[in-house]
Structures are given as structure tokens and as C-alpha cells.
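Structure, as C-alpha cells:
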Amino acid sequence: MDVMLLAGTRPEAVKLAPLALALDARPGLRPLVVHSGQHQGMVEQALAPFEVAIDAWLDVPPRVSGTQAELVSGLLPALDAALRRYQPSAVVVQGDTTTGLAGALAAFWLGIPVVHLEAGLRTHDLASPFPEEGTRQMISRIAALHLVPTAAAGAALLAEGVPAERITPTGNTVVDAVLAVAARDLPARDPALALLEMGIAEAGEQLVLVTSHRRESWGEPLTRTLTAVRQIVDAHPLVQVLFPVHPNPAVREQVEEVLGGVARVTVTEPLEYPDLVRALRLASLVLTDSGGIQEEAPTFGTPVLVLRDTTERPEAVEAGCAWLVGTDTELITDTAARILRGEISAAASANPYGNGSAAARSASAIEALLGVSLDAAALVSPKGTQC
């Protein structure tokens with residue numbers, strides 16, 4: 001049975017790669033990896049370290065306006081054609097992207113079971129994050145199988161009336177991905193990261209990794225974050241900042257305006273995934289509005305300041321791995337100072353998002369959904385189950 005894995009962004013690809021490998025190891029299932037074209041080049045780059053090939057690309061018209069409406073209007077006909085051509089037994093969509101929503105709709109309309117990987121994340125605020133919170137809630141309404149990363153995510157779905165037999169606790173496949181890449185211990189490919197790594201080792205400096213890409217962070221919120229970054233550098237002479245910048249030209253212009261030419265601040269293009277993992281391992285502190293990094297950093301015990309007012313990933317905060325600081329300049333700088341001085345640190349606990357077995361659990365649940373396996377125990381309530 002073919003199981004279509006739909007990816008259009010780098011985070012989707014990273015989290016789908018371990019599942020593709022796990023499905024490929026099952027004799028009754030065959031992964032079919034499809035690139036939606038939402039972010040050209042990024043999916044290919046993310047899959048390469050896992051040696052996962054793309055089986056098909058959607059024929060989507062080039063984007064002109066860049067709006068969500070334009071993207072969806074291009075994706076839906078292309079997805080419908082691909083689903084009719086390949087006739088997969090199930091479609092896996094990941095997270096809360098526009099590709100995921102369009103894929104879930106197209107599959108649902110054709111009566112193909114939708115599997116939602118990383119299901120059940122909630123802030124219960126449709127404006128934050130926007131539009132992701134609305135997107136994942138809509139996918140939940142039509143999914144046949146919900147693969148939840150934590151018990152809290154499963155509980156959220158149960159509270160919304162999703163039957164327990166459709167919910168499988170798995171952990172998050174990004175932990176599988178980060179552990180696999182870290183185990184290879186690949187040298188840095190990005191020249192700027194390689195130079196920073198050598199300099200930090202020689203001078204005993206501290207690396208602060210900064211990422212900010214969400215739409216709600218653009219403009220004034222990002223300016224407050226950038227001001228905080230500059231203040232952190234000014235106050236801590238042994239700090240080096242690495243800032244891989246979102247490809248949006250407006251974001252890069254804003255970053256360059258505040259941080260361009262500032263000593264001990266290195267601005268780069270987005271890092272390839274192995275380099276990002278290497279930076280997370282090297283960092284003394286991470287400032288980010290990324291959901292994935294909130295899940296990845298705890299594997300290395302790297303403390304995270306979450307540059308958002310709310311998070312659908314409260315487990316890292318509750319476990320003492322992360323602090324919710326929003327884009328308040330003073331709160332960011334004060335909390336960062338306490339961490340860099342060693343006054344507070346990330347809790348020495350296991351990653352709350354799993355231990356690297358999420359992909360295998362997800363593959364077993366898909367087997368059960370499609371009747372390939374008779375092991376009905378794969379579909380259980382998240383109550384009493386740890387990821």
C-alpha cells in the first residue's frame with residue numbers, strides 16, 4: 001500500500017523523513033514522498049541528510065502575490081490530480097502548514113484517509129500563531145488518524161470530541177531526526193558556522209543562536225527582538241551571535257538595519273539541517289520563535305527563550321527547558337543574562353517530546369489504520385502513556 005507523505009516546507013520534510021524511513025522498512029507499506037512546491041529547494045535540502053528521495057513534485061503555478069489564497073488555489077487542483085494518479089491508501093500531512101491543510105482537504109474530498117502527524121497542538125487563540133492555530137484545528141476535524149507528540153496534545157483532541165481510538169501517542173519525529181543527524185557528527189558545511197566554532201573553542205566564548213521567522217514576529221516585534229540581541233552582545237563580551245535569517249527580503253533588510261556591522265554578530269542564510277543541529281549542540285542559549293527548535297534543543301540541554309507570547313508546545317516550558325519571553329526587549333535581555341551567567345539553566349531531564357521512537361510508533365499506527373497489521377494495540381488512548 002502506498003502512503004503519500006506530503007511536504008512543502010523544511011520543517012515538514014525534517015519531521016516526515018524519519019517516518020518515510022520507518023514506512024519503507026515495513027513490508028506491507030511503501031512511502032510516496034510528494035513535494036508540494038510551497039518552498040522550492042528547502043524540502044530537497046532537508047531530506048538529503050536522511051537519504052530520502054522525492055518521488056513526485058506537484059505542478060503548481062508560480063506564485064505572484066504570495067498570499068495564502070493564491071497558494072491554496074494552486075495547490076488544490078495539483079493535489080487532486082496527484083491523488084487521482086497515485087491513488088494512495090492514506091495521505092500523511094504534518095503540522096499546521098498551508099500544504100498540510102490543502103493536502104488534508106484534497107484527500108478528504110476523495111475519501112482517502114488523512115493521517116495528521118504532530119496532531120493536537122493548541123494555543124486556543126486563533127490569532128496566535130496565525131494562521132497556524134486555525135490550520136491545525138481545521139485538519140483535526142477531518143483526519144482519520146491523529147499522531148500526537150505528547151499526552152497533552154492527545155488530551156486536547158479528546159476534549160474536542162475526537163474518539164480515543166483515532167488518537168495514537170507517538171512522541172515527535174523531530175527528535176528521531178535530530179538524534180539521527182547528531183549521531184553522524186558531521187562537520188559544519190556553512191563557512192561562517194565553521195569559523196565561529198573554531199573561534200568559540202579557542203577563546204572560550206558562548207554562542208547564542210537566534211532565529212525568527214513567524215509572520216506575527218515581522219515588523220515591530222522583530223525590532224524589539226533585534227534590539228535585545230544587540231544589548232546582549234554589548235553586555236557580554238564573550239558572546240558570539242549566529243543569526244540564520246529568513247529568506248524574506250523584508251526580514252533580512254530589518255535584520256541588517258539593526259545588526260549589520262555589529263561586532264560578534266554573524267548573519268547567514270538559513271542553515272542546512274545538519275548545520276542547524278550542530279549549532280544547537282554548540283549553543284549556550286537559543287532565542288527563537290520556531291516550534292521545531294523548541295522541540296529539538298532539549299535533546300542537547302540547550303536553554304531556549306521562546307520569542308512568542310503563547311506556545312502550543314508548553315511541555316518544554318513546564319519541563320524547565322524553555323522560557324516564554326515574547327518580544328519584550330527587557331525580559332529577553334534580563335533572562336538571557338541570567339542564563340549566560342549561569343544563574344539559571346535548563347533542567348537536566350529527558351526531552352519531553354520523545355526519545356527517538358516516534359517514527360516507528362507512527363508507522364505501526366498507520367499499519368493498523370490500513371489493516372496491514374493485526375496489532376490493534378497501536379491505537380490507544382494517550383492516558384497513562386508516555387512518549
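Chains: A, B, ... in order of the C-alpha cells. Residues: from 1 per chain. Ligands: from 1, in order shown.
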Each segment 12-77 of chain A residue no farther than 10 Å from segment 359-374 of chain A, nearest pair in Å, only C-alpha atoms, as a tab-separated table:
residue	atom	partner	partner_atom	distance
A:Lys15	CA	A:Ala359	CA	9.0
A:Leu16	CA	A:Ala359	CA	8.6
A:Ala17	CA	A:Ala359	CA	8.9
A:Pro18	CA	A:Ala359	CA	5.7
A:Leu19	CA	A:Ala359	CA	4.7
A:Ala20	CA	A:Ala359	CA	8.3
A:Leu21	CA	A:Ala359	CA	8.2
A:Ala22	CA	A:Ala360	CA	5.7
A:Leu23	CA	A:Ala363	CA	5.6
A:Asp24	CA	A:Ala363	CA	9.3
A:Ala25	CA	A:Ala363	CA	9.3
A:Arg26	CA	A:Ala363	CA	8.0
A:Pro27	CA	A:Val372	CA	9.3
A:Gly28	CA	A:Val372	CA	6.3
A:Leu29	CA	A:Glu367	CA	7.7
I need the chosen residues saved as a PDB file, in the first residue's frame, with C-alpha atoms.
ATOM      1  CA  LYS A  15       9.674  15.591  10.550  1.00  0.00           C
ATOM      2  CA  LEU A  16       8.440  13.379   7.701  1.00  0.00           C
ATOM      3  CA  ALA A  17      11.867  11.939   6.838  1.00  0.00           C
ATOM      4  CA  PRO A  18      12.064   9.525   9.810  1.00  0.00           C
ATOM      5  CA  LEU A  19       8.521   8.349   9.071  1.00  0.00           C
ATOM      6  CA  ALA A  20       9.397   7.736   5.415  1.00  0.00           C
ATOM      7  CA  LEU A  21      12.291   5.541   6.527  1.00  0.00           C
ATOM      8  CA  ALA A  22      10.136   3.694   9.064  1.00  0.00           C
ATOM      9  CA  LEU A  23       7.396   3.029   6.496  1.00  0.00           C
ATOM     10  CA  ASP A  24       9.949   1.856   3.946  1.00  0.00           C
ATOM     11  CA  ALA A  25      11.094  -0.778   6.441  1.00  0.00           C
ATOM     12  CA  ARG A  26       7.561  -2.239   6.644  1.00  0.00           C
ATOM     13  CA  PRO A  27       6.903  -4.974   4.073  1.00  0.00           C
ATOM     14  CA  GLY A  28       3.272  -4.013   3.529  1.00  0.00           C
ATOM     15  CA  LEU A  29       3.739  -0.270   3.090  1.00  0.00           C
TER      16      LEU A  29
END
Q: Based on DSSP run over this structure's backbone, return all residues of segment 81-307 of chain A in strand (DSSP E), as a ChimeraX atom specification.
A: /A:90-94,114-117,145-148,167-169,206-211,239-244,265-268,285-288,304-306
Q: Would you list, as JSON, numbers by chain, the residues of segment 121-298 of chain A that end up in alpha helix (DSSP H) under DSSP run on this structure's backbone?
A: {"A": [132, 133, 134, 135, 136, 137, 138, 139, 140, 141, 142, 151, 152, 153, 154, 155, 156, 157, 158, 159, 173, 174, 175, 176, 177, 178, 179, 180, 181, 182, 183, 184, 191, 192, 193, 194, 195, 196, 197, 198, 199, 200, 201, 202, 203, 220, 221, 222, 223, 224, 225, 226, 227, 228, 229, 230, 231, 232, 233, 234, 235, 249, 250, 251, 252, 253, 254, 255, 256, 257, 258, 259, 273, 274, 275, 276, 277, 278, 279, 280, 281, 282, 291, 292, 293, 294, 295, 296]}
Contacts of Arg63 of chain A at 12 Å or less, counting only C-alpha atoms, minus same-chain residues fewer than 2 places along, as an mmCIF file with N, CA and C atoms, in the first residue's frame?
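Resulting contents of result.cif:
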data_model
loop_
_atom_site.group_PDB
_atom_site.id
_atom_site.type_symbol
_atom_site.label_atom_id
_atom_site.label_comp_id
_atom_site.auth_asym_id
_atom_site.auth_seq_id
_atom_site.Cartn_x
_atom_site.Cartn_y
_atom_site.Cartn_z
ATOM 1 N N GLY A 37 5.814 22.053 -3.504
ATOM 2 C CA GLY A 37 6.345 23.235 -4.160
ATOM 3 C C GLY A 37 6.165 24.514 -3.373
ATOM 4 N N GLN A 38 5.664 24.419 -2.125
ATOM 5 C CA GLN A 38 5.437 25.636 -1.341
ATOM 6 C C GLN A 38 6.739 26.410 -1.137
ATOM 7 N N HIS A 39 7.807 25.706 -0.732
ATOM 8 C CA HIS A 39 9.124 26.321 -0.586
ATOM 9 C C HIS A 39 10.099 25.554 -1.476
ATOM 10 N N GLN A 40 10.366 26.076 -2.646
ATOM 11 C CA GLN A 40 11.245 25.401 -3.589
ATOM 12 C C GLN A 40 12.666 25.312 -3.024
ATOM 13 N N VAL A 60 2.427 23.149 -9.715
ATOM 14 C CA VAL A 60 1.742 24.317 -9.148
ATOM 15 C C VAL A 60 2.208 25.572 -9.880
ATOM 16 N N PRO A 61 1.284 26.450 -10.289
ATOM 17 C CA PRO A 61 1.681 27.683 -10.987
ATOM 18 C C PRO A 61 2.595 28.535 -10.111
ATOM 19 N N SER A 65 1.477 36.881 -6.015
ATOM 20 C CA SER A 65 1.124 37.734 -4.886
ATOM 21 C C SER A 65 1.704 37.242 -3.566
ATOM 22 N N GLY A 66 1.941 35.929 -3.448
ATOM 23 C CA GLY A 66 2.450 35.361 -2.205
ATOM 24 C C GLY A 66 1.403 35.180 -1.128
ATOM 25 N N THR A 67 0.122 35.341 -1.466
ATOM 26 C CA THR A 67 -0.937 35.217 -0.466
ATOM 27 C C THR A 67 -1.282 33.753 -0.223
ATOM 28 N N GLN A 68 -1.912 33.509 0.930
ATOM 29 C CA GLN A 68 -2.376 32.160 1.248
ATOM 30 C C GLN A 68 -3.433 31.706 0.236
ATOM 31 N N ALA A 69 -4.300 32.615 -0.174
ATOM 32 C CA ALA A 69 -5.350 32.268 -1.130
ATOM 33 C C ALA A 69 -4.743 31.807 -2.450
ATOM 34 N N GLU A 70 -3.716 32.502 -2.909
ATOM 35 C CA GLU A 70 -3.061 32.120 -4.160
ATOM 36 C C GLU A 70 -2.421 30.745 -4.034
ATOM 37 N N LEU A 71 -1.762 30.496 -2.900
ATOM 38 C CA LEU A 71 -1.102 29.204 -2.701
ATOM 39 C C LEU A 71 -2.112 28.069 -2.683
ATOM 40 N N VAL A 72 -3.188 28.234 -1.915
ATOM 41 C CA VAL A 72 -4.191 27.173 -1.825
ATOM 42 C C VAL A 72 -4.867 26.933 -3.174
ATOM 43 N N SER A 73 -5.153 28.011 -3.903
ATOM 44 C CA SER A 73 -5.831 27.857 -5.192
ATOM 45 C C SER A 73 -4.951 27.146 -6.210
ATOM 46 N N GLY A 74 -3.624 27.221 -6.026
ATOM 47 C CA GLY A 74 -2.733 26.466 -6.887
ATOM 48 C C GLY A 74 -2.533 25.038 -6.430
ATOM 49 N N LEU A 75 -2.505 24.845 -5.113
ATOM 50 C CA LEU A 75 -2.242 23.515 -4.568
ATOM 51 C C LEU A 75 -3.388 22.536 -4.787
#
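Atom CA of Leu58 of chain A to atom CA of Thr135 of chain A spans 20.8 Å [interatomic distance, one decimal].
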(Q) Give me, as number ranges by chain, all polymer residues having an atom no more than 12 Å from Phe300 of chain A, counting only C-alpha atoms and skipping those fewer than 5 positions away in the same chain. (A) A: 175, 178-179, 182, 277-286, 293-295, 321, 346-351
Q: Would you mind listing what lies within 6 Å of Pro149 of chain A as a ChimeraX atom specification, with only C-alpha atoms counted and same-chain residues fewer than 5 positions away left out?
A: /A:118,170-172
Q.
I'd like the neighbourhood of Gln254 of chain A as a list in words, where a residue qualifies if any of its atoms comes within 10 Å (using only C-alpha atoms), though same-chain residues fewer than 5 positions away should be ignored.
A. Trp218, Gly219, Glu220, Leu222, Thr223, Leu226, Pro249, Leu259 and Gly260 of chain A
Those residues with N, CA, C and O atoms, as a PDB file, in the first residue's frame please?
ATOM      1  N   TRP A 218       7.210  39.690  12.403  1.00  0.00           N
ATOM      2  CA  TRP A 218       7.768  40.682  11.494  1.00  0.00           C
ATOM      3  C   TRP A 218       7.379  42.090  11.944  1.00  0.00           C
ATOM      4  O   TRP A 218       6.373  42.306  12.608  1.00  0.00           O
ATOM      5  N   GLY A 219       8.191  43.066  11.568  1.00  0.00           N
ATOM      6  CA  GLY A 219       7.873  44.451  11.902  1.00  0.00           C
ATOM      7  C   GLY A 219       8.359  44.820  13.301  1.00  0.00           C
ATOM      8  O   GLY A 219       9.476  44.487  13.705  1.00  0.00           O
ATOM      9  N   GLU A 220       7.512  45.479  14.057  1.00  0.00           N
ATOM     10  CA  GLU A 220       7.880  45.984  15.369  1.00  0.00           C
ATOM     11  C   GLU A 220       8.311  44.884  16.341  1.00  0.00           C
ATOM     12  O   GLU A 220       9.300  45.056  17.074  1.00  0.00           O
ATOM     13  N   LEU A 222       9.870  42.119  15.719  1.00  0.00           N
ATOM     14  CA  LEU A 222      11.229  41.726  15.359  1.00  0.00           C
ATOM     15  C   LEU A 222      12.227  42.819  15.739  1.00  0.00           C
ATOM     16  O   LEU A 222      13.342  42.521  16.192  1.00  0.00           O
ATOM     17  N   THR A 223      11.834  44.079  15.599  1.00  0.00           N
ATOM     18  CA  THR A 223      12.714  45.174  16.006  1.00  0.00           C
ATOM     19  C   THR A 223      13.040  45.089  17.495  1.00  0.00           C
ATOM     20  O   THR A 223      14.193  45.292  17.910  1.00  0.00           O
ATOM     21  N   LEU A 226      15.540  42.251  17.908  1.00  0.00           N
ATOM     22  CA  LEU A 226      16.868  42.629  17.422  1.00  0.00           C
ATOM     23  C   LEU A 226      17.556  43.600  18.374  1.00  0.00           C
ATOM     24  O   LEU A 226      18.768  43.515  18.588  1.00  0.00           O
ATOM     25  N   PRO A 249      12.917  39.010   1.894  1.00  0.00           N
ATOM     26  CA  PRO A 249      13.790  40.195   1.776  1.00  0.00           C
ATOM     27  C   PRO A 249      13.502  41.260   2.831  1.00  0.00           C
ATOM     28  O   PRO A 249      14.430  41.922   3.317  1.00  0.00           O
ATOM     29  N   LEU A 259      21.400  44.961  13.026  1.00  0.00           N
ATOM     30  CA  LEU A 259      22.569  44.179  13.438  1.00  0.00           C
ATOM     31  C   LEU A 259      23.724  44.201  12.448  1.00  0.00           C
ATOM     32  O   LEU A 259      24.803  43.686  12.750  1.00  0.00           O
ATOM     33  N   GLY A 260      23.477  44.762  11.263  1.00  0.00           N
ATOM     34  CA  GLY A 260      24.538  44.794  10.261  1.00  0.00           C
ATOM     35  C   GLY A 260      25.763  45.536  10.764  1.00  0.00           C
ATOM     36  O   GLY A 260      25.677  46.665  11.257  1.00  0.00           O
TER      37      GLY A 260
END
Q | Nearest residue to Arg215 of chain A from the set A:Thr227, A:Ser140, A:Ser128, A:Thr173 (distances using only C-alpha atoms) | A | A:Ser128
Q.
Give me the residues near segment 237-242 of chain A as a ChimeraX atom specification, where near means some atom within 6 Å (using only C-alpha atoms) and where sequence neighbours in that chain fewer than 5 positions away do not count.
A. /A:205-209,264-266
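Atom CA of Pro113 of chain A is found 21.9 Å from atom CA of Glu133 of chain A.
Each of A:Asp59, A:Leu193, A:Thr150, A:Leu5 was compared to Val115 of chain A using only C-alpha atoms, and A:Leu5 turns out to be the nearest.
For the pair atom CA of Ala53 of chain A and atom CA of Arg214 of chain A, the separation is 27.9 Å.
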